Each structure stands twice: as C-alpha cells, then as structure tokens.
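Q: Here you go, one structure.
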Amino acid sequence: MRRLGIILTDKGSKYAVSGAPVTSRAEIDAALADLKTDKNYAKATHNTWAALLPNGGLKADDGESGAGAVILRMLERENLTGHLVVVTRWYGGKKLGGDRFRHVQTCVRDYLSALS
C-alpha cells in the first residue's frame, strides 16, 4: 500500500490518500486491512475508496456520503484499471459542506500525479 500521507487540512479536518494495485475484491479487502494496521488510519473518521476492476467498479463511502463515487469517476476518466485509491479523513469538528468533495478530488489528483 502506497501512502502519500496528509495532503491537506481544512477547518481541523485532515485528508490523506493511499492506494495499491489490485485485481479482485479480496485484494481490495487485504489492502484496506493493511492500511488499518496503522493506528492513525484505523482511527480515521472515514476511509473512502474506489477501484476500477476489469469486471466493473467498486466503491465504498465509509460514512462520507458520495465520496466513493467521486473517486470512482476520477479513476474511470483516467481509465486506471486494477488500482485501489483510498481517501482518508480525520474529522475536525466543523462541517465542510461541498468542499469535502473538492478535497477528495485534490487527494485523488495528487495520488494520480504520484503514479506518473
């Protein structure tokens, strides 16, 4: 699992991005379990993720409604198959409204840039 760490902070919330190559749901589950062996990631408020596999896309919001779909759309646009991207958020106590989606996009863009 490749971890880029904290990408940005806003009103106390912190966002990080991680990812790994995957080919199946079992590999996704294993990568998520690996990520959560780090206590900081295990205690995070949200670990939203998406992966585009040869048989279709998979996503999970982990309580951050709509965030998994944002990640999946970005992976589809880039045609990045066989890769899991996880955006982690530690809630800072203040609601971010629509900014939370922009922050998810920023994290995914940074991860995609790091792959290049």
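A note on labels: chains of the structure tokens are A, B, ... as shown, every chain counts residues from 1, and ligands are counted from 1 in their shown order.
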Which residues, written as a PDB file with N, CA and C atoms, in the first residue's frame, have at least one atom at most 10 Å from Val108 of chain A, with only C-alpha atoms counted and residues fewer than 3 positions away on the same chain left out?

A:
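Dumped to out-v8.pdb:
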ATOM      1  N   ILE A   7      -2.483  15.282   2.821  1.00  0.00           N
ATOM      2  CA  ILE A   7      -2.415  16.124   1.621  1.00  0.00           C
ATOM      3  C   ILE A   7      -2.878  17.539   1.947  1.00  0.00           C
ATOM      4  N   ALA A  16      -5.844  12.455   3.769  1.00  0.00           N
ATOM      5  CA  ALA A  16      -4.679  11.725   3.274  1.00  0.00           C
ATOM      6  C   ALA A  16      -5.145  10.831   2.129  1.00  0.00           C
ATOM      7  N   VAL A  17      -4.192  10.379   1.320  1.00  0.00           N
ATOM      8  CA  VAL A  17      -4.531   9.479   0.219  1.00  0.00           C
ATOM      9  C   VAL A  17      -3.534   8.331   0.164  1.00  0.00           C
ATOM     10  N   SER A  18      -4.059   7.148  -0.187  1.00  0.00           N
ATOM     11  CA  SER A  18      -3.252   5.933  -0.292  1.00  0.00           C
ATOM     12  C   SER A  18      -3.781   5.120  -1.465  1.00  0.00           C
ATOM     13  N   GLY A  19      -3.025   4.115  -1.864  1.00  0.00           N
ATOM     14  CA  GLY A  19      -3.512   3.255  -2.935  1.00  0.00           C
ATOM     15  C   GLY A  19      -2.617   2.059  -3.151  1.00  0.00           C
ATOM     16  N   VAL A  70     -17.125   9.830  -6.252  1.00  0.00           N
ATOM     17  CA  VAL A  70     -16.193  10.839  -6.779  1.00  0.00           C
ATOM     18  C   VAL A  70     -14.872  10.168  -7.161  1.00  0.00           C
ATOM     19  N   ILE A  71     -14.362   9.321  -6.284  1.00  0.00           N
ATOM     20  CA  ILE A  71     -13.096   8.624  -6.565  1.00  0.00           C
ATOM     21  C   ILE A  71     -13.256   7.726  -7.791  1.00  0.00           C
ATOM     22  N   LEU A  72     -14.351   6.966  -7.843  1.00  0.00           N
ATOM     23  CA  LEU A  72     -14.574   6.042  -8.962  1.00  0.00           C
ATOM     24  C   LEU A  72     -14.665   6.783 -10.287  1.00  0.00           C
ATOM     25  N   MET A  74     -13.272   9.574 -11.108  1.00  0.00           N
ATOM     26  CA  MET A  74     -11.931  10.035 -11.487  1.00  0.00           C
ATOM     27  C   MET A  74     -11.093   8.883 -12.038  1.00  0.00           C
ATOM     28  N   LEU A  75     -11.216   7.700 -11.437  1.00  0.00           N
ATOM     29  CA  LEU A  75     -10.489   6.531 -11.946  1.00  0.00           C
ATOM     30  C   LEU A  75     -10.987   6.155 -13.340  1.00  0.00           C
ATOM     31  N   VAL A  85      -7.797   3.272  -4.764  1.00  0.00           N
ATOM     32  CA  VAL A  85      -7.427   4.576  -4.210  1.00  0.00           C
ATOM     33  C   VAL A  85      -8.302   4.817  -2.976  1.00  0.00           C
ATOM     34  N   VAL A  86      -7.656   5.150  -1.867  1.00  0.00           N
ATOM     35  CA  VAL A  86      -8.339   5.379  -0.585  1.00  0.00           C
ATOM     36  C   VAL A  86      -8.076   6.816  -0.146  1.00  0.00           C
ATOM     37  N   VAL A  87      -9.151   7.560   0.115  1.00  0.00           N
ATOM     38  CA  VAL A  87      -9.020   8.900   0.682  1.00  0.00           C
ATOM     39  C   VAL A  87      -9.471   8.816   2.134  1.00  0.00           C
ATOM     40  N   ARG A 102     -14.393  18.548  -3.117  1.00  0.00           N
ATOM     41  CA  ARG A 102     -13.199  19.152  -3.741  1.00  0.00           C
ATOM     42  C   ARG A 102     -11.926  18.604  -3.088  1.00  0.00           C
ATOM     43  N   HIS A 103     -11.978  18.397  -1.789  1.00  0.00           N
ATOM     44  CA  HIS A 103     -10.806  17.857  -1.086  1.00  0.00           C
ATOM     45  C   HIS A 103     -10.526  16.412  -1.503  1.00  0.00           C
ATOM     46  N   VAL A 104     -11.580  15.629  -1.693  1.00  0.00           N
ATOM     47  CA  VAL A 104     -11.411  14.253  -2.176  1.00  0.00           C
ATOM     48  C   VAL A 104     -10.768  14.292  -3.564  1.00  0.00           C
ATOM     49  N   GLN A 105     -11.251  15.180  -4.426  1.00  0.00           N
ATOM     50  CA  GLN A 105     -10.687  15.301  -5.777  1.00  0.00           C
ATOM     51  C   GLN A 105      -9.215  15.704  -5.729  1.00  0.00           C
ATOM     52  N   TYR A 111      -2.599  11.713  -5.897  1.00  0.00           N
ATOM     53  CA  TYR A 111      -2.207  10.308  -5.996  1.00  0.00           C
ATOM     54  C   TYR A 111      -1.939   9.932  -7.449  1.00  0.00           C
ATOM     55  N   LEU A 112      -2.819  10.343  -8.351  1.00  0.00           N
ATOM     56  CA  LEU A 112      -2.630  10.025  -9.769  1.00  0.00           C
ATOM     57  C   LEU A 112      -1.345  10.660 -10.303  1.00  0.00           C
ATOM     58  N   SER A 113      -1.037  11.862  -9.856  1.00  0.00           N
ATOM     59  CA  SER A 113       0.218  12.520 -10.266  1.00  0.00           C
ATOM     60  C   SER A 113       1.426  11.755  -9.758  1.00  0.00           C
ATOM     61  N   ALA A 114       1.340  11.216  -8.546  1.00  0.00           N
ATOM     62  CA  ALA A 114       2.448  10.466  -7.968  1.00  0.00           C
ATOM     63  C   ALA A 114       2.693   9.157  -8.726  1.00  0.00           C
TER      64      ALA A 114
END

Q: Could you tell me, as a list in words, which residues of segment 12-70 of chain A DSSP assigns to strand (DSSP E) when given the backbone?

A: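 Residues of segment 12-70 of chain A classed as strand (DSSP E): Ser13, Lys14, Tyr15, Ala16, Val17, Ser18, Gly19, Ala20, Pro21, His46, Asn47, Thr48, Trp49, Ala50, Ala51, Leu52, Leu53, Gly56, Gly57, Leu58, Lys59 and Ala60 of chain A.
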
Q: Please compute the atom CA of Leu8 of chain A-atom CA of Glu64 of chain A distance, one decimal, in Å.

A: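 Calculated distance between atom CA of Leu8 of chain A and atom CA of Glu64 of chain A is 16.8 Å.
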
Q: Compile the contact shell of Ala31 of chain A as number ranges by chain: residues with an atom at most 10 Å away, counting only C-alpha atoms, same-chain residues fewer than 6 positions apart removed.

A: A: 1-2, 18-22, 25, 84, 86

Q: Could you check the closest approach to Ala44 of chain A for each of A:Gly82, A:Gly66, A:Gly92, A:Gly97 and tell me which residue wins, using only C-alpha atoms?

A: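 For Ala44 of chain A, the nearest of the candidates is A:Gly92.
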
Q: Could you jot down the atom CA of Leu80 of chain A to atom CA of Pro54 of chain A separation for me, Å, one decimal place?

A: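 Interatomic distance, atom CA of Leu80 of chain A to atom CA of Pro54 of chain A: 10.2 Å.
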
Q: Can you tell me which residues surround Asn55 of chain A at a distance of at most 10 Å, considering only C-alpha atoms, apart from same-chain residues fewer than 6 positions away, and format the answer as an MDAnalysis selection string?

A: chainID A and resid 23:24 81

Q: Would you output that residue set with N, CA and C atoms, as a PDB file, in the first residue's frame?

A:
ATOM      1  N   THR A  23      -6.518  -6.633  -8.164  1.00  0.00           N
ATOM      2  CA  THR A  23      -7.203  -7.311  -9.273  1.00  0.00           C
ATOM      3  C   THR A  23      -8.505  -7.966  -8.839  1.00  0.00           C
ATOM      4  N   SER A  24      -8.830  -7.905  -7.537  1.00  0.00           N
ATOM      5  CA  SER A  24     -10.046  -8.560  -7.045  1.00  0.00           C
ATOM      6  C   SER A  24     -10.534  -7.893  -5.761  1.00  0.00           C
ATOM      7  N   THR A  81      -7.414   1.076 -14.491  1.00  0.00           N
ATOM      8  CA  THR A  81      -7.964  -0.212 -14.057  1.00  0.00           C
ATOM      9  C   THR A  81      -6.962  -0.920 -13.148  1.00  0.00           C
TER      10      THR A  81
END

Q: Just list the residues in chain A DSSP gives helix (DSSP H, G or I) on the backbone, as a ChimeraX atom specification.

A: /A:25-35,39-42,67-78,99-115

Q: How about saving the chosen residues, C-alpha atoms kept, as a short mmCIF file (atom, residue, chain, number, x, y, z; two decimals), in the first residue's frame?

A:
data_model
loop_
_atom_site.label_atom_id
_atom_site.label_comp_id
_atom_site.auth_asym_id
_atom_site.auth_seq_id
_atom_site.Cartn_x
_atom_site.Cartn_y
_atom_site.Cartn_z
CA ARG A 25 -12.31 -7.71 -4.13
CA ALA A 26 -10.16 -9.97 -1.93
CA GLU A 27 -7.08 -7.89 -2.76
CA ILE A 28 -9.05 -4.70 -2.00
CA ASP A 29 -10.03 -6.08 1.41
CA ALA A 30 -6.42 -7.11 2.09
CA ALA A 31 -5.09 -3.66 1.12
CA LEU A 32 -7.66 -1.93 3.36
CA ALA A 33 -6.75 -4.25 6.23
CA ASP A 34 -3.07 -3.41 5.65
CA LEU A 35 -3.83 0.32 5.71
CA LYS A 39 -3.49 3.05 14.23
CA ASN A 40 -3.93 6.53 12.75
CA TYR A 41 -5.74 5.16 9.70
CA ALA A 42 -7.74 2.69 11.79
CA ALA A 67 -17.11 10.32 -1.78
CA GLY A 68 -16.61 6.80 -3.17
CA ALA A 69 -18.47 7.80 -6.34
CA VAL A 70 -16.19 10.84 -6.78
CA ILE A 71 -13.10 8.62 -6.57
CA LEU A 72 -14.57 6.04 -8.96
CA ARG A 73 -15.49 8.70 -11.57
CA MET A 74 -11.93 10.04 -11.49
CA LEU A 75 -10.49 6.53 -11.95
CA GLU A 76 -12.87 5.95 -14.86
CA ARG A 77 -11.83 9.24 -16.50
CA GLU A 78 -8.19 8.22 -16.21
CA ASP A 99 -15.75 21.47 0.00
CA ARG A 100 -15.33 17.87 1.13
CA PHE A 101 -15.80 16.70 -2.47
CA ARG A 102 -13.20 19.15 -3.74
CA HIS A 103 -10.81 17.86 -1.09
CA VAL A 104 -11.41 14.25 -2.18
CA GLN A 105 -10.69 15.30 -5.78
CA THR A 106 -7.48 17.07 -4.72
CA CYS A 107 -6.29 13.96 -2.89
CA VAL A 108 -7.05 11.68 -5.85
CA ARG A 109 -5.32 14.09 -8.28
CA ASP A 110 -2.21 14.09 -6.08
CA TYR A 111 -2.21 10.31 -6.00
CA LEU A 112 -2.63 10.02 -9.77
CA SER A 113 0.22 12.52 -10.27
CA ALA A 114 2.45 10.47 -7.97
CA LEU A 115 1.83 7.41 -10.17
#

Q: Nearest residue to Thr45 of chain A out of A:Asp10, A:Gly93, A:Leu58, A:Arg3, using only C-alpha atoms?

A: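 Looking only at the distances to Thr45 of chain A, the closest residue turns out to be A:Gly93.
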
Q: Suppose you want the space between atom CA of Arg89 of chain A and atom CA of Ala50 of chain A; what is it in Å?

A: 14.8 Å

Q: So which one's closest to Lys59 of chain A, A:Asn47, A:Gly5, A:Tyr91, A:Tyr15? Using only C-alpha atoms, please.

A: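 Residue with the minimum atom-to-atom distance to Lys59 of chain A: A:Asn47.
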